[in-house]
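Have a look at the structure below, then the notes.
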Amino acid sequence: MSNYTIPIIRYGLIAPLLAFGISTAILFIIETRVQRVHQQKQIRYNEQMTRLDSIRKIEDEIRPKRHLFQEQNRLLQLDPTPLFAQLSDATVAKYQPLALERTGMLYVTERGRFARYIEGSPARIKASFEGGFGPMQETLLQVESLIPHVILEELKISRKVTSLPNSNSLIFELSYIFPKIAGDKP
């Protein structure tokens, strides 16, 4: 070997092959890291798309019920005492006077047994009905399903004394408490 061939081999062959090998190794390492990051992001993307699909499905289920929910919130914000009267009048109107009749309704100002444990100033109503057990159950169901925050404080059921031989008429005396719910105006 001559003095010229050693530098030619050293700088013409070995240095470029070494530079090519190092750059290839660096590019291989970078490519594997990029692929790993891409796979992780692809997994996160697929999970996010699955979440969005489930959110859309839930939204599709809720959308028809949203109007009912807004109507319920509107009813909850109203003053409950006239609402109770409207609901009981609407239910009582379905029946003949012998089947169910409201005989009295009184807005009570005293706090009562349970109302003293409720913060704020809850409204109280005492109502009395005469009639059968089935129509009264429907009235209570209507009131308690449309005014869910109502508390039945007292329920007295007694048999009405009449001169009719087959009279199954009952007297229902109810006492309801309507606490102020969150969002009510003081």
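Lettering and numbering for the structure tokens are positional, with chains as A, B, ... in the shown order, residues counted from 1 in each chain, and ligands counted from 1 in the shown order.
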
What are the DSSP alpha helix (DSSP H) residues of range 83-165 of chain A, as number ranges by chain?
-> A: 83-92, 112-115, 133-146

Dump of N, CA and C atoms for the selected residues, as a PDB file, in the first residue's frame:
ATOM      1  N   LEU A  83    -100.139  24.889  42.217  1.00  0.00           N
ATOM      2  CA  LEU A  83     -99.894  23.715  41.387  1.00  0.00           C
ATOM      3  C   LEU A  83    -100.577  22.495  41.989  1.00  0.00           C
ATOM      4  N   PHE A  84    -100.517  22.364  43.313  1.00  0.00           N
ATOM      5  CA  PHE A  84    -101.200  21.265  43.991  1.00  0.00           C
ATOM      6  C   PHE A  84    -102.703  21.352  43.733  1.00  0.00           C
ATOM      7  N   ALA A  85    -103.242  22.546  43.826  1.00  0.00           N
ATOM      8  CA  ALA A  85    -104.676  22.721  43.581  1.00  0.00           C
ATOM      9  C   ALA A  85    -105.034  22.365  42.146  1.00  0.00           C
ATOM     10  N   GLN A  86    -104.217  22.795  41.182  1.00  0.00           N
ATOM     11  CA  GLN A  86    -104.484  22.477  39.777  1.00  0.00           C
ATOM     12  C   GLN A  86    -104.425  20.975  39.528  1.00  0.00           C
ATOM     13  N   LEU A  87    -103.405  20.315  40.076  1.00  0.00           N
ATOM     14  CA  LEU A  87    -103.269  18.876  39.861  1.00  0.00           C
ATOM     15  C   LEU A  87    -104.406  18.097  40.495  1.00  0.00           C
ATOM     16  N   SER A  88    -104.754  18.465  41.726  1.00  0.00           N
ATOM     17  CA  SER A  88    -105.842  17.729  42.384  1.00  0.00           C
ATOM     18  C   SER A  88    -107.173  18.018  41.701  1.00  0.00           C
ATOM     19  N   ASP A  89    -107.408  19.263  41.246  1.00  0.00           N
ATOM     20  CA  ASP A  89    -108.646  19.573  40.523  1.00  0.00           C
ATOM     21  C   ASP A  89    -108.727  18.800  39.212  1.00  0.00           C
ATOM     22  N   ALA A  90    -107.591  18.694  38.504  1.00  0.00           N
ATOM     23  CA  ALA A  90    -107.587  17.980  37.225  1.00  0.00           C
ATOM     24  C   ALA A  90    -107.888  16.497  37.431  1.00  0.00           C
ATOM     25  N   THR A  91    -107.365  15.911  38.490  1.00  0.00           N
ATOM     26  CA  THR A  91    -107.617  14.490  38.744  1.00  0.00           C
ATOM     27  C   THR A  91    -109.028  14.271  39.260  1.00  0.00           C
ATOM     28  N   VAL A  92    -109.493  15.140  40.145  1.00  0.00           N
ATOM     29  CA  VAL A  92    -110.841  14.998  40.694  1.00  0.00           C
ATOM     30  C   VAL A  92    -111.890  15.183  39.600  1.00  0.00           C
ATOM     31  N   GLY A 112     -95.544  22.955  61.497  1.00  0.00           N
ATOM     32  CA  GLY A 112     -95.854  21.534  61.585  1.00  0.00           C
ATOM     33  C   GLY A 112     -94.702  20.722  62.157  1.00  0.00           C
ATOM     34  N   ARG A 113     -94.897  19.396  62.204  1.00  0.00           N
ATOM     35  CA  ARG A 113     -93.900  18.513  62.821  1.00  0.00           C
ATOM     36  C   ARG A 113     -92.624  18.388  62.002  1.00  0.00           C
ATOM     37  N   PHE A 114     -92.739  18.146  60.704  1.00  0.00           N
ATOM     38  CA  PHE A 114     -91.560  17.919  59.873  1.00  0.00           C
ATOM     39  C   PHE A 114     -90.976  19.206  59.323  1.00  0.00           C
ATOM     40  N   ALA A 115     -91.794  20.195  59.128  1.00  0.00           N
ATOM     41  CA  ALA A 115     -91.331  21.444  58.508  1.00  0.00           C
ATOM     42  C   ALA A 115     -90.336  22.191  59.386  1.00  0.00           C
ATOM     43  N   PHE A 133    -110.853   4.473  47.218  1.00  0.00           N
ATOM     44  CA  PHE A 133    -109.414   4.341  47.402  1.00  0.00           C
ATOM     45  C   PHE A 133    -108.651   4.459  46.073  1.00  0.00           C
ATOM     46  N   GLY A 134    -109.171   3.869  45.013  1.00  0.00           N
ATOM     47  CA  GLY A 134    -108.502   3.905  43.707  1.00  0.00           C
ATOM     48  C   GLY A 134    -108.337   5.317  43.156  1.00  0.00           C
ATOM     49  N   PRO A 135    -109.417   6.111  43.090  1.00  0.00           N
ATOM     50  CA  PRO A 135    -109.259   7.485  42.608  1.00  0.00           C
ATOM     51  C   PRO A 135    -108.319   8.328  43.466  1.00  0.00           C
ATOM     52  N   MET A 136    -108.332   8.064  44.782  1.00  0.00           N
ATOM     53  CA  MET A 136    -107.431   8.814  45.653  1.00  0.00           C
ATOM     54  C   MET A 136    -105.977   8.429  45.397  1.00  0.00           C
ATOM     55  N   GLN A 137    -105.727   7.152  45.117  1.00  0.00           N
ATOM     56  CA  GLN A 137    -104.377   6.718  44.772  1.00  0.00           C
ATOM     57  C   GLN A 137    -103.890   7.422  43.510  1.00  0.00           C
ATOM     58  N   GLU A 138    -104.767   7.562  42.527  1.00  0.00           N
ATOM     59  CA  GLU A 138    -104.376   8.255  41.292  1.00  0.00           C
ATOM     60  C   GLU A 138    -104.069   9.719  41.573  1.00  0.00           C
ATOM     61  N   THR A 139    -104.849  10.354  42.427  1.00  0.00           N
ATOM     62  CA  THR A 139    -104.591  11.752  42.772  1.00  0.00           C
ATOM     63  C   THR A 139    -103.240  11.904  43.455  1.00  0.00           C
ATOM     64  N   LEU A 140    -102.953  11.021  44.410  1.00  0.00           N
ATOM     65  CA  LEU A 140    -101.658  11.085  45.099  1.00  0.00           C
ATOM     66  C   LEU A 140    -100.507  10.805  44.138  1.00  0.00           C
ATOM     67  N   LEU A 141    -100.717   9.873  43.224  1.00  0.00           N
ATOM     68  CA  LEU A 141     -99.682   9.566  42.229  1.00  0.00           C
ATOM     69  C   LEU A 141     -99.399  10.778  41.349  1.00  0.00           C
ATOM     70  N   GLN A 142    -100.446  11.451  40.898  1.00  0.00           N
ATOM     71  CA  GLN A 142    -100.269  12.636  40.060  1.00  0.00           C
ATOM     72  C   GLN A 142     -99.512  13.731  40.803  1.00  0.00           C
ATOM     73  N   VAL A 143     -99.906  13.977  42.020  1.00  0.00           N
ATOM     74  CA  VAL A 143     -99.267  15.043  42.800  1.00  0.00           C
ATOM     75  C   VAL A 143     -97.799  14.713  43.067  1.00  0.00           C
ATOM     76  N   GLU A 144     -97.539  13.494  43.514  1.00  0.00           N
ATOM     77  CA  GLU A 144     -96.175  13.153  43.902  1.00  0.00           C
ATOM     78  C   GLU A 144     -95.255  12.889  42.723  1.00  0.00           C
ATOM     79  N   SER A 145     -95.795  12.595  41.547  1.00  0.00           N
ATOM     80  CA  SER A 145     -94.918  12.420  40.383  1.00  0.00           C
ATOM     81  C   SER A 145     -94.634  13.751  39.698  1.00  0.00           C
ATOM     82  N   LEU A 146     -95.575  14.677  39.723  1.00  0.00           N
ATOM     83  CA  LEU A 146     -95.340  15.965  39.071  1.00  0.00           C
ATOM     84  C   LEU A 146     -94.714  16.999  40.002  1.00  0.00           C
TER      85      LEU A 146
END

For Tyr176 in chain A, please output as a VMD selection string all residues within 12 Å (counting only C-alpha atoms; exclusion window: fewer than 4 positions along the same chain).
-> chain A and resid 80 to 81 84 to 85 105 to 108 111 to 115 122 to 128 140 143 to 144 147 to 155

Just give me the gap between CA of Leu68 in chain A and CA of Arg51 in chain A in Å, one decimal is fine.
->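 Computing it gives 26.1 Å between the two atoms.
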
Where does DSSP see strand (DSSP E or B) in range 10-186 of chain A, if you list the residues as a PyMOL selection string?
-> chain A and resi 100-108+123-131+151-159+170-178

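Nearest-residue note for Ala99 in chain A: choosing from A:Ile157, A:Val34, A:Leu170, A:Ile43, the minimum distance belongs to A:Leu170, counting only C-alpha atoms.
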